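Q: For reference, the file data_22.cif (mmCIF, C-alpha atoms) is included below:
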```cif
data_work
#
loop_
_atom_site.label_atom_id
_atom_site.label_comp_id
_atom_site.auth_asym_id
_atom_site.auth_seq_id
_atom_site.Cartn_x
_atom_site.Cartn_y
_atom_site.Cartn_z
CA MET A 879 119.93 125.85 135.86
CA PRO A 880 117.25 124.63 133.47
CA ARG A 881 114.62 122.40 135.00
CA ALA A 882 113.93 119.42 132.79
CA ALA A 883 110.71 117.47 132.46
CA THR A 884 110.92 113.74 131.96
CA SER A 885 108.77 111.15 130.26
CA SER A 886 107.94 107.69 131.49
CA LYS A 887 108.15 106.59 127.84
CA ARG A 888 111.84 107.14 127.45
CA LYS A 889 112.71 106.33 123.84
CA THR A 890 116.21 105.00 123.29
CA HIS A 891 117.97 103.03 120.63
CA ALA A 892 119.86 100.81 123.04
CA ASN A 893 120.76 98.22 120.42
CA THR A 894 122.10 100.74 117.93
CA PRO A 895 125.91 100.56 117.74
CA LEU A 896 127.75 103.79 118.55
CA SER A 897 128.93 104.29 115.00
CA TRP A 898 127.46 105.84 111.88
CA ALA A 899 128.16 106.58 108.25
CA ASP A 900 130.80 109.17 107.39
CA ASP A 901 128.23 111.46 105.79
CA THR A 902 126.09 111.65 108.95
CA GLU A 903 125.17 115.23 109.84
CA LEU A 904 122.91 114.82 112.87
CA VAL A 905 122.86 112.51 115.87
CA GLY A 906 121.67 112.61 119.47
CA LEU A 907 123.38 110.85 122.38
CA VAL A 908 122.31 110.24 125.96
CA PHE A 909 124.90 109.58 128.67
CA ASP A 910 124.07 107.51 131.75
CA LEU A 911 126.07 109.05 134.60
CA GLU A 912 126.45 107.79 138.15
CA ALA A 913 127.38 109.99 141.08
CA THR A 914 130.41 108.71 142.94
CA SER A 915 129.34 110.40 146.18
CA THR A 916 126.61 112.57 147.65
CA THR A 917 127.71 116.15 147.14
CA SER A 918 126.44 119.67 146.60
CA LEU A 919 126.04 121.05 143.12
CA TYR A 920 125.83 124.74 142.36
CA SER A 921 122.57 125.81 140.73
CA GLN A 922 124.05 126.93 137.39
CA TYR A 923 125.93 123.69 136.86
CA THR A 924 124.94 123.56 133.16
CA ILE A 925 127.72 126.14 132.65
CA GLY A 926 130.09 123.46 133.96
CA LEU A 927 128.63 120.81 131.62
CA HIS A 928 129.05 123.22 128.71
CA ALA A 929 132.65 124.01 129.68
CA TRP A 930 133.55 120.32 130.18
CA PHE A 931 132.20 119.38 126.76
CA LEU A 932 134.05 122.23 125.03
CA ASP A 933 137.26 121.23 126.80
CA GLN A 934 136.84 117.70 125.47
CA VAL A 935 136.54 119.17 121.97
CA ARG A 936 139.64 121.33 122.57
CA GLN A 937 141.74 118.33 123.57
CA LEU A 938 140.84 116.31 120.47
CA ASN A 939 140.15 118.92 117.80
CA PRO A 940 141.56 122.41 118.46
CA HIS A 941 140.34 123.69 115.08
CA LEU A 942 136.74 122.69 115.80
CA SER A 943 137.11 124.08 119.32
CA ALA A 944 138.10 127.50 117.96
CA TYR A 945 135.09 127.46 115.64
CA LEU A 946 132.68 126.55 118.46
CA HIS A 947 134.06 129.39 120.58
CA ASP A 948 134.31 132.04 117.89
CA GLY A 949 131.98 131.00 115.07
CA GLU A 950 129.25 133.51 114.26
CA SER A 951 126.80 130.94 112.90
CA GLU A 952 124.24 129.03 114.91
CA LYS A 953 125.85 126.63 117.37
CA PRO A 954 126.13 123.15 115.82
CA PHE A 955 125.49 121.31 119.10
CA ASN A 956 123.34 121.51 122.21
CA ILE A 957 123.26 119.87 125.64
CA SER A 958 120.68 119.21 128.32
CA ALA A 959 120.66 119.65 132.05
CA LEU A 960 120.94 116.50 134.17
CA GLU A 961 117.81 114.37 134.30
CA GLY A 962 117.43 112.58 137.62
CA GLN A 963 117.01 113.15 141.33
CA LEU A 964 118.46 116.52 142.26
CA LEU A 965 117.54 117.49 145.79
CA PRO A 966 117.71 120.93 147.42
CA SER A 967 120.48 121.32 149.97
CA GLY A 968 120.26 124.74 151.55
CA LYS A 969 120.61 127.15 148.65
CA GLN A 970 122.28 124.59 146.40
CA LEU A 971 121.40 121.28 144.78
CA GLN A 972 122.56 117.86 145.84
CA ILE A 973 123.37 114.82 143.73
CA GLN A 974 122.95 111.43 145.37
CA ALA A 975 125.61 108.73 145.55
CA ASN A 976 124.95 105.72 143.30
CA GLN A 977 122.05 107.49 141.56
CA THR A 978 121.93 107.51 137.75
CA TYR A 979 121.55 110.79 135.88
CA HIS A 980 120.96 111.26 132.17
CA TRP A 981 122.64 113.90 130.01
CA HIS A 982 121.88 114.60 126.36
CA VAL A 983 124.38 115.81 123.75
CA ASN A 984 123.09 116.53 120.23
CA ALA A 985 125.14 117.36 117.13
CA ILE A 986 123.67 119.09 114.08
CA SER A 987 126.68 119.48 111.77
CA GLN A 988 128.98 116.96 110.14
CA PRO A 989 132.19 118.23 111.84
CA VAL A 990 130.65 117.85 115.32
CA VAL A 991 129.23 114.42 114.45
CA GLN A 992 132.70 113.35 113.29
CA PHE A 993 134.18 114.65 116.54
CA LEU A 994 131.65 112.61 118.55
CA SER A 995 132.61 109.49 116.59
CA GLN A 996 136.28 109.96 117.49
CA TRP A 997 135.54 111.03 121.07
CA LEU A 998 133.45 107.95 121.85
CA THR A 999 136.45 105.72 121.11
CA GLN A 1000 138.48 107.41 123.86
CA LEU A 1001 135.85 108.67 126.25
CA PRO A 1002 137.15 109.56 129.73
CA PRO A 1003 135.72 107.46 132.57
CA ILE A 1004 134.67 110.52 134.60
CA LEU A 1005 132.73 113.66 133.73
CA GLU A 1006 134.41 116.23 135.95
CA LEU A 1007 131.67 118.59 137.11
CA ARG A 1008 133.36 120.81 139.67
CA ASN A 1009 133.47 118.88 142.96
CA ALA A 1010 130.79 116.49 141.69
CA PRO A 1011 132.49 113.82 139.54
CA LEU A 1012 130.11 111.61 137.58
CA GLN A 1013 131.09 108.19 136.24
CA ILE A 1014 130.19 107.65 132.59
CA LYS A 1015 128.45 104.27 132.76
CA GLN A 1016 126.91 104.06 129.30
CA VAL A 1017 126.28 106.05 126.14
CA GLN A 1018 123.33 105.37 123.85
CA ILE A 1019 121.95 106.86 120.68
CA ILE A 1020 118.63 108.54 121.37
CA HIS A 1021 118.15 110.44 118.09
CA PRO A 1022 119.32 108.20 115.23
CA PRO A 1023 122.12 109.21 112.85
CA THR A 1024 120.76 110.96 109.77
CA THR A 1025 121.37 113.72 107.24
CA TYR A 1026 119.46 116.85 106.29
CA SER A 1027 118.63 115.29 102.94
CA GLN A 1028 117.16 112.24 104.66
CA LEU A 1029 115.05 114.47 106.90
CA LEU A 1030 113.76 116.34 103.88
CA ASN A 1031 112.92 113.18 101.97
CA SER A 1032 111.61 111.03 104.81
CA PRO A 1033 108.09 109.69 104.17
CA THR A 1034 105.48 111.61 106.14
CA ASN A 1035 101.72 111.78 106.19
CA LYS A 1036 101.17 115.32 104.97
CA TYR A 1037 97.80 115.42 106.70
CA SER A 1038 99.11 114.36 110.11
CA ASP A 1039 99.22 116.65 113.12
CA ILE A 1040 102.40 116.86 115.16
CA SER A 1041 103.20 117.28 118.85
CA LEU A 1042 106.18 119.14 120.26
CA SER A 1043 107.18 119.02 123.92
CA PHE A 1044 109.53 121.55 125.44
CA VAL A 1045 111.07 119.57 128.28
CA SER A 1046 113.41 122.28 129.51
CA PRO A 1047 112.70 126.03 129.71
CA THR A 1048 112.44 127.48 126.22
CA SER A 1049 112.48 131.09 125.04
CA PHE A 1050 113.06 133.23 121.98
CA ARG A 1051 114.66 136.62 121.52
CA ARG A 1052 112.30 139.20 120.04
CA LYS A 1053 113.03 142.91 119.76
CA GLY A 1054 115.70 142.65 122.43
CA HIS A 1055 113.51 140.84 124.96
CA HIS A 1056 112.57 137.28 125.87
CA PHE A 1057 109.44 135.95 124.18
CA PRO A 1058 108.11 132.96 126.16
CA LEU A 1059 105.46 131.55 123.79
CA PRO A 1060 105.71 128.85 121.08
CA VAL A 1061 104.15 130.95 118.33
CA PRO A 1062 104.61 128.95 115.10
CA VAL A 1063 106.58 131.68 113.33
CA ASN A 1064 109.07 131.79 116.21
CA LEU A 1065 109.31 128.01 116.39
CA PHE A 1066 110.00 127.51 112.72
CA HIS A 1067 112.25 130.56 112.44
CA SER A 1068 114.36 128.89 115.15
CA TYR A 1069 114.55 125.60 113.23
CA LEU A 1070 115.03 127.27 109.85
CA ARG A 1071 118.07 129.22 111.08
CA ARG A 1072 119.80 125.95 111.92
CA TRP A 1073 118.67 124.39 108.66
CA ASN A 1074 120.02 127.29 106.62
CA ASP A 1075 123.36 127.24 108.43
CA PHE A 1076 124.08 123.52 108.30
CA SER A 1077 121.99 121.71 105.68
CA GLY A 1078 123.81 123.01 102.60
CA THR A 1079 120.40 123.76 101.03
CA PRO A 1080 119.30 127.10 102.50
CA VAL A 1081 115.73 128.27 102.02
CA GLU A 1082 114.49 131.83 101.46
CA GLN A 1083 113.30 132.76 104.93
CA GLU A 1084 110.65 135.44 104.47
CA ALA A 1085 108.33 133.55 102.13
CA PHE A 1086 108.46 130.34 104.19
CA LEU A 1087 107.76 132.10 107.49
CA GLU A 1088 104.85 133.98 105.93
CA TRP A 1089 103.44 130.61 104.82
CA ILE A 1090 103.94 129.27 108.37
CA ASP A 1091 102.11 132.27 109.85
CA GLU A 1092 99.15 131.78 107.54
CA ASN A 1093 98.84 128.01 107.62
CA VAL A 1094 99.99 126.45 110.93
CA ILE A 1095 97.06 125.82 113.25
CA ILE A 1096 97.57 125.19 116.99
CA HIS A 1097 95.10 122.54 118.17
CA GLN A 1098 96.08 122.15 121.81
CA HIS A 1099 98.67 123.33 124.28
CA ARG A 1100 99.60 122.93 127.92
CA LEU A 1101 102.26 125.44 128.89
CA GLU A 1102 103.82 126.81 132.06
CA SER A 1103 105.82 130.01 132.38
CA VAL A 1104 109.19 129.78 134.16
CA LYS A 1105 112.03 132.13 134.94
CA VAL A 1106 115.49 130.59 135.15
CA ALA A 1107 119.12 131.59 135.23
CA ALA A 1108 120.65 130.34 132.01
CA GLY A 1109 123.94 130.90 130.31
CA LYS A 1110 126.58 133.05 131.90
CA ARG A 1111 124.66 136.25 132.63
CA GLY A 1112 121.12 137.24 133.39
CA SER A 1113 117.89 135.28 133.58
CA VAL A 1114 115.50 133.97 130.97
CA THR A 1115 111.72 134.07 130.96
CA GLY A 1116 110.65 130.91 129.22
CA PHE A 1117 108.09 128.13 129.08
CA THR A 1118 107.83 124.38 129.38
CA GLY A 1119 105.04 122.11 128.25
CA ALA A 1120 103.61 120.71 125.04
CA MET A 1121 101.58 121.70 122.01
CA SER A 1122 100.02 120.00 119.02
CA CYS A 1123 99.52 121.64 115.65
CA GLY A 1124 98.95 120.93 111.99
CA LEU A 1125 98.63 122.52 108.56
CA SER A 1126 95.55 124.01 106.99
CA LYS A 1127 94.28 122.30 103.85
CA PRO A 1128 95.24 125.24 101.59
CA ALA A 1129 98.83 124.92 102.85
CA LEU A 1130 99.16 121.52 101.18
CA ALA A 1131 99.03 123.15 97.75
CA ASN A 1132 102.61 124.28 98.36
CA SER A 1133 104.32 120.89 98.34
CA GLU A 1134 107.82 122.36 98.75
CA PHE A 1135 106.98 124.23 101.95
CA THR A 1136 104.90 121.31 103.25
CA GLN A 1137 107.90 119.01 102.79
CA LEU A 1138 110.16 121.49 104.57
CA PHE A 1139 107.64 121.91 107.42
CA TYR A 1140 107.79 118.20 108.27
CA ALA A 1141 111.58 118.12 107.84
CA LEU A 1142 111.95 120.95 110.37
CA VAL A 1143 109.64 119.14 112.78
CA GLN A 1144 111.96 116.12 112.56
CA LEU A 1145 114.94 118.44 113.09
CA ALA A 1146 113.56 119.87 116.35
CA PRO A 1147 114.75 117.11 118.74
CA TYR A 1148 118.27 117.36 117.32
CA CYS A 1149 118.65 121.15 117.33
CA GLY A 1150 116.44 122.18 120.24
CA THR A 1151 114.20 125.24 120.25
CA GLY A 1152 114.96 128.91 120.81
CA HIS A 1153 118.14 130.30 122.29
CA LYS A 1154 120.76 129.23 124.86
CA THR A 1155 120.39 125.59 123.82
CA THR A 1156 124.09 125.00 124.53
CA PHE A 1157 123.31 125.71 128.20
CA GLY A 1158 120.40 123.27 128.51
CA LEU A 1159 117.46 125.37 127.35
CA GLY A 1160 115.03 124.40 124.61
CA GLN A 1161 115.32 120.60 124.79
CA THR A 1162 112.51 119.36 122.54
CA ARG A 1163 110.72 116.04 121.95
CA LEU A 1164 108.31 114.99 119.21
CA ASP A 1165 105.86 113.30 121.57
CA TRP A 1166 103.41 114.89 123.96
CA VAL A 1167 105.39 114.66 127.22
CA GLU A 1168 103.56 115.33 130.46
CA ALA A 1169 105.70 117.65 132.58
CA GLU A 1170 106.51 116.66 136.12
CA GLN A 1171 105.01 118.64 138.96
CA THR A 1172 107.31 121.40 140.14
CA THR A 1173 109.95 119.79 142.33
CA PRO A 1174 111.79 121.38 145.28
CA SER A 1175 114.92 121.57 143.11
CA GLY A 1176 112.87 123.24 140.37
CA VAL A 1177 111.61 125.83 142.83
CA LEU A 1178 115.19 126.47 143.95
CA THR A 1179 116.51 127.03 140.44
CA ASN A 1180 113.56 129.25 139.57
CA LEU A 1181 114.34 131.38 142.62
CA LEU A 1182 117.78 132.16 141.23
CA GLY A 1183 116.33 133.31 137.92
CA GLU A 1184 113.73 135.44 139.68
CA ARG A 1185 116.34 137.02 141.93
CA ILE A 1186 118.63 137.84 138.99
CA ASP A 1187 115.67 139.44 137.21
CA GLU A 1188 114.74 141.45 140.30
CA LEU A 1189 118.28 142.73 140.82
CA THR A 1190 118.74 143.50 137.12
CA ALA A 1191 115.65 145.73 137.21
CA ILE A 1192 116.99 147.59 140.27
CA PHE A 1193 120.47 148.15 138.84
CA THR A 1194 119.12 149.09 135.41
CA ALA A 1195 116.82 151.68 136.96
CA GLN A 1196 119.72 153.16 138.90
CA ARG A 1197 121.71 153.51 135.69
CA LYS A 1198 118.88 154.69 133.46
CA ARG A 1199 120.43 158.11 132.95
CA THR A 1200 123.54 156.61 131.41
CA GLY A 1201 121.52 154.09 129.39
CA GLY A 1202 122.89 152.15 126.46
CA GLU A 1203 123.95 148.57 125.93
CA ARG A 1204 126.96 148.85 128.25
CA ALA A 1205 124.78 149.99 131.16
CA ASP A 1206 122.39 147.10 130.60
CA LYS A 1207 125.27 144.61 130.49
CA ILE A 1208 126.77 145.96 133.72
CA ALA A 1209 123.39 145.77 135.46
CA SER A 1210 122.91 142.17 134.29
CA THR A 1211 126.45 141.19 135.33
CA TRP A 1212 126.11 142.75 138.79
CA ALA A 1213 122.76 141.01 139.26
CA THR A 1214 124.08 137.62 138.20
CA ILE A 1215 127.12 137.79 140.44
CA LEU A 1216 125.25 139.04 143.51
CA ALA A 1217 122.35 136.59 143.13
CA ARG A 1218 124.70 133.64 142.77
CA ARG A 1219 126.73 134.82 145.76
CA GLU A 1220 123.50 135.05 147.78
CA MET A 1221 122.81 131.42 146.80
CA GLY A 1222 126.05 130.42 148.53
CA GLU A 1223 128.37 130.08 145.52
CA SER A 1224 131.99 131.08 145.94
CA LEU A 1225 133.42 134.08 144.12
CA GLN A 1226 136.06 131.80 142.60
CA VAL A 1227 133.41 129.61 140.97
CA ILE A 1228 131.46 132.63 139.73
CA ALA A 1229 134.60 134.24 138.29
CA GLN A 1230 135.53 131.03 136.50
CA ASP A 1231 132.05 130.58 135.01
CA LEU A 1232 131.86 134.19 133.82
CA GLU A 1233 135.46 134.09 132.59
CA MET A 1234 136.25 137.21 134.59
CA PRO A 1235 139.18 138.04 136.90
CA TYR A 1236 138.48 137.16 140.52
CA ILE A 1237 139.29 140.70 141.69
CA THR A 1238 136.73 142.13 139.23
CA VAL A 1239 134.00 139.80 140.48
CA LYS A 1240 134.87 140.69 144.08
CA THR A 1241 134.67 144.40 143.24
CA TYR A 1242 131.32 144.00 141.47
CA VAL A 1243 129.81 142.23 144.49
CA LYS A 1244 130.86 145.13 146.71
CA LEU A 1245 129.48 147.71 144.28
CA ALA A 1246 126.22 145.80 143.88
CA ARG A 1247 125.70 145.48 147.64
CA ARG A 1248 126.50 149.16 148.11
CA ALA A 1249 124.02 150.10 145.37
CA LEU A 1250 121.28 148.11 147.11
CA LYS A 1251 121.91 149.97 150.35
CA ASP A 1252 122.24 153.39 148.71
CA PRO A 1253 120.21 153.61 145.47
CA THR A 1254 121.81 156.97 144.58
CA LEU A 1255 125.10 155.18 143.83
CA LYS A 1256 125.73 154.27 140.18
CA SER A 1257 129.45 153.47 140.20
#
```
Show me this structure written as structure tokens.
A:
Amino acid sequence: MPRAATSSKRKTHANTPLSWADDTELVGLVFDLEATSTTSLYSQYTIGLHAWFLDQVRQLNPHLSAYLHDGESEKPFNISALEGQLLPSGKQLQIQANQTYHWHVNAISQPVVQFLSQWLTQLPPILELRNAPLQIKQVQIIHPPTTYSQLLNSPTNKYSDISLSFVSPTSFRRKGHHFPLPVPVNLFHSYLRRWNDFSGTPVEQEAFLEWIDENVIIHQHRLESVKVAAGKRGSVTGFTGAMSCGLSKPALANSEFTQLFYALVQLAPYCGTGHKTTFGLGQTRLDWVEAEQTTPSGVLTNLLGERIDELTAIFTAQRKRTGGERADKIASTWATILARREMGESLQVIAQDLEMPYITVKTYVKLARRALKDPTLKS
């Protein structure tokens, strides 16, 4: 479960009506949720948030639902983890009765924005998060409705530095591995992929990223490395924190790329940064946000990621003779299932999250435990 940082300067647009122009392509919402009772919450609950949101889409727009499940483009939405008081309870988390939690949903394509507009008119009263129902008390706009053209043409001071804060664990994929550093080329490659998929005005990637590499200067950073379980399988090595950067003076000679640079900066809070943003990773803010000190719940969720990583290394080593992508996937799946079972989660919940038959999950747990006891086994 991604651990989110919070800011005391919480920017909302509370007076903005929950409606927007038909041509809107991007918007960010924040839901105020209230726990109906004190109850345990499994550590990878963002999988449940992801599933609940997709089920809401399925009920209202089956065509969009099929695209979100099967589309090969970048995902046109992202969600956050819950912001609020999550306490450790044994090996699980606990939500507190009558406490308010905040949940972000961002849309970065016109079809998803149009779905949100329809959905908000018939929003269910309860967000059903497996044995932890949350009342939807209020929805506000946190990132104002806009279009890609408006981002590109918004007035900016071309000499101004910018700050980006990564308020949930953030990571990139590079050469088949996690890359947990906000190197400018990786940052802007991440944003440009979304821009090229959804803006309708794609940009030639290689030349722009070369310009980024030569001209973006990092002035300051405060980063922390984290390892978390994220998505349905495996763990992610990522980072949280903040950085400030700007452009070199020679960069300003290329007005087209300078304009795009600032447009992509404005895009960042809507689209998030890096991968697995639909499971709560990569939530990004434009201010310098001071991260909270590591909380007991943060330590607990990090432990799951570390344990999955440890078990994956063991099972991968045992299967190194077979090798290949299938062997790596089996090792990661075994590790995820066993680590979550060790954290006290039921096999039924794990099977549902991984979309696997219960009997298969049960078999994998047995095989994984046997492999730990007898490293010569590679079944």
Q: Counting all atoms listed in the file, what is within 10 Å of range 1055-1064 of chain A, bar same-chain residues fewer than 4 positions away, as an MDAnalysis selection string?
A: chainID A and resid 1042 1044 1047:1051 1068:1070 1086:1096 1099 1101:1105 1113:1121 1123 1151:1153
Q: For this structure, which residues satisfy the selection - the PyMOL selection byres ((chain A and resi 974) around 7) - when it is evaluated on the file as given? I want them as an mmCIF file with C-alpha atoms, in the frame of the given file.
A:
```cif
data_model
loop_
_atom_site.group_PDB
_atom_site.id
_atom_site.type_symbol
_atom_site.label_atom_id
_atom_site.label_comp_id
_atom_site.auth_asym_id
_atom_site.auth_seq_id
_atom_site.Cartn_x
_atom_site.Cartn_y
_atom_site.Cartn_z
ATOM 1 C CA ALA A 913 127.380 109.990 141.080
ATOM 2 C CA SER A 915 129.340 110.400 146.180
ATOM 3 C CA THR A 916 126.610 112.570 147.650
ATOM 4 C CA THR A 917 127.710 116.150 147.140
ATOM 5 C CA GLN A 972 122.560 117.860 145.840
ATOM 6 C CA ILE A 973 123.370 114.820 143.730
ATOM 7 C CA ALA A 975 125.610 108.730 145.550
ATOM 8 C CA ASN A 976 124.950 105.720 143.300
ATOM 9 C CA GLN A 977 122.050 107.490 141.560
#
```
Q: List, as a ChimeraX atom specification, every residue that the PyMOL selection byres ((chain A and resi 1191) around 12) selects in the file provided.
A: /A:1112-1113,1184-1190,1192-1198,1205-1214,1250
Q: Could you give me, as a JSON list (two decimals) with C-alpha atoms, in the coordinates of the input, the residues within 12 Å of Gly1158 in chain A, counting all atoms listed in the file and dropping anything in the same chain fewer than 3 positions from it?
A:
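Printed below is selection05.json as written:
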```json
[["chain", "number", "residue", "atom", "x", "y", "z"],
["A", 879, "MET", "CA", 119.93, 125.85, 135.86],
["A", 880, "PRO", "CA", 117.25, 124.63, 133.47],
["A", 881, "ARG", "CA", 114.62, 122.40, 135.00],
["A", 882, "ALA", "CA", 113.93, 119.42, 132.79],
["A", 883, "ALA", "CA", 110.71, 117.47, 132.46],
["A", 922, "GLN", "CA", 124.05, 126.93, 137.39],
["A", 923, "TYR", "CA", 125.93, 123.69, 136.86],
["A", 924, "THR", "CA", 124.94, 123.56, 133.16],
["A", 925, "ILE", "CA", 127.72, 126.14, 132.65],
["A", 926, "GLY", "CA", 130.09, 123.46, 133.96],
["A", 927, "LEU", "CA", 128.63, 120.81, 131.62],
["A", 928, "HIS", "CA", 129.05, 123.22, 128.71],
["A", 955, "PHE", "CA", 125.49, 121.31, 119.10],
["A", 956, "ASN", "CA", 123.34, 121.51, 122.21],
["A", 957, "ILE", "CA", 123.26, 119.87, 125.64],
["A", 958, "SER", "CA", 120.68, 119.21, 128.32],
["A", 959, "ALA", "CA", 120.66, 119.65, 132.05],
["A", 960, "LEU", "CA", 120.94, 116.50, 134.17],
["A", 961, "GLU", "CA", 117.81, 114.37, 134.30],
["A", 981, "TRP", "CA", 122.64, 113.90, 130.01],
["A", 982, "HIS", "CA", 121.88, 114.60, 126.36],
["A", 983, "VAL", "CA", 124.38, 115.81, 123.75],
["A", 984, "ASN", "CA", 123.09, 116.53, 120.23],
["A", 1044, "PHE", "CA", 109.53, 121.55, 125.44],
["A", 1045, "VAL", "CA", 111.07, 119.57, 128.28],
["A", 1046, "SER", "CA", 113.41, 122.28, 129.51],
["A", 1047, "PRO", "CA", 112.70, 126.03, 129.71],
["A", 1048, "THR", "CA", 112.44, 127.48, 126.22],
["A", 1049, "SER", "CA", 112.48, 131.09, 125.04],
["A", 1106, "VAL", "CA", 115.49, 130.59, 135.15],
["A", 1107, "ALA", "CA", 119.12, 131.59, 135.23],
["A", 1108, "ALA", "CA", 120.65, 130.34, 132.01],
["A", 1109, "GLY", "CA", 123.94, 130.90, 130.31],
["A", 1149, "CYS", "CA", 118.65, 121.15, 117.33],
["A", 1150, "GLY", "CA", 116.44, 122.18, 120.24],
["A", 1151, "THR", "CA", 114.20, 125.24, 120.25],
["A", 1152, "GLY", "CA", 114.96, 128.91, 120.81],
["A", 1153, "HIS", "CA", 118.14, 130.30, 122.29],
["A", 1154, "LYS", "CA", 120.76, 129.23, 124.86],
["A", 1155, "THR", "CA", 120.39, 125.59, 123.82],
["A", 1161, "GLN", "CA", 115.32, 120.60, 124.79],
["A", 1162, "THR", "CA", 112.51, 119.36, 122.54]]
```
Q: So which residues touch range 1130-1133 of chain A within 10 Å, counting all atoms listed in the file, skipping near sequence neighbours fewer than 3 positions away, as a PyMOL selection string?
A: chain A and resi 1036-1037+1089+1093+1125-1127+1136-1139
Q: Quote the spacing between CA of Ser995 in chain A and CA of Ser897 in chain A in Å to one decimal place.
A: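 About the pair CA of Ser995 in chain A and CA of Ser897 in chain A: they are 6.6 Å apart.
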Q: Restricting the calculation to all atoms listed in the file, which member of A:Tyr1236, A:Leu1005, A:Asn1031, A:Asp1039 is positioned closest to His1097 in chain A?
A: A:Asp1039
Q: Got a minute to add all heavy atoms to range 899-904 of chain A and dump it as an mmCIF file, keeping the file's coordinate frame?
A:
```cif
data_model
loop_
_atom_site.group_PDB
_atom_site.id
_atom_site.type_symbol
_atom_site.label_atom_id
_atom_site.label_comp_id
_atom_site.auth_asym_id
_atom_site.auth_seq_id
_atom_site.Cartn_x
_atom_site.Cartn_y
_atom_site.Cartn_z
ATOM 1 N N ALA A 899 127.537 106.330 109.530
ATOM 2 C CA ALA A 899 128.160 106.580 108.250
ATOM 3 C C ALA A 899 128.936 107.891 108.261
ATOM 4 O O ALA A 899 128.610 108.815 109.010
ATOM 5 C CB ALA A 899 127.102 106.616 107.144
ATOM 6 N N ASP A 900 129.949 107.982 107.423
ATOM 7 C CA ASP A 900 130.800 109.170 107.390
ATOM 8 C C ASP A 900 130.048 110.432 106.991
ATOM 9 O O ASP A 900 130.467 111.536 107.349
ATOM 10 C CB ASP A 900 131.976 108.950 106.420
ATOM 11 C CG ASP A 900 132.960 107.913 106.934
ATOM 12 O OD1 ASP A 900 132.956 107.635 108.149
ATOM 13 O OD2 ASP A 900 133.737 107.379 106.115
ATOM 14 N N ASP A 901 128.965 110.276 106.236
ATOM 15 C CA ASP A 901 128.230 111.460 105.790
ATOM 16 C C ASP A 901 127.161 111.910 106.784
ATOM 17 O O ASP A 901 126.397 112.846 106.507
ATOM 18 C CB ASP A 901 127.595 111.218 104.412
ATOM 19 C CG ASP A 901 126.512 110.143 104.444
ATOM 20 O OD1 ASP A 901 126.414 109.435 105.471
ATOM 21 O OD2 ASP A 901 125.781 110.008 103.443
ATOM 22 N N THR A 902 127.087 111.278 107.942
ATOM 23 C CA THR A 902 126.090 111.650 108.950
ATOM 24 C C THR A 902 126.262 113.104 109.379
ATOM 25 O O THR A 902 127.378 113.559 109.626
ATOM 26 C CB THR A 902 126.204 110.726 110.180
ATOM 27 O OG1 THR A 902 125.949 109.386 109.776
ATOM 28 C CG2 THR A 902 125.214 111.125 111.265
ATOM 29 N N GLU A 903 125.146 113.805 109.476
ATOM 30 C CA GLU A 903 125.170 115.230 109.840
ATOM 31 C C GLU A 903 124.462 115.531 111.152
ATOM 32 O O GLU A 903 124.664 116.601 111.724
ATOM 33 C CB GLU A 903 124.525 116.047 108.720
ATOM 34 C CG GLU A 903 125.273 115.973 107.407
ATOM 35 C CD GLU A 903 124.512 116.604 106.263
ATOM 36 O OE1 GLU A 903 123.277 116.404 106.182
ATOM 37 O OE2 GLU A 903 125.158 117.302 105.442
ATOM 38 N N LEU A 904 123.646 114.596 111.632
ATOM 39 C CA LEU A 904 122.910 114.820 112.870
ATOM 40 C C LEU A 904 122.858 113.527 113.671
ATOM 41 O O LEU A 904 122.651 112.441 113.110
ATOM 42 C CB LEU A 904 121.467 115.265 112.594
ATOM 43 C CG LEU A 904 121.241 116.468 111.687
ATOM 44 C CD1 LEU A 904 120.754 116.007 110.318
ATOM 45 C CD2 LEU A 904 120.238 117.446 112.307
#
```
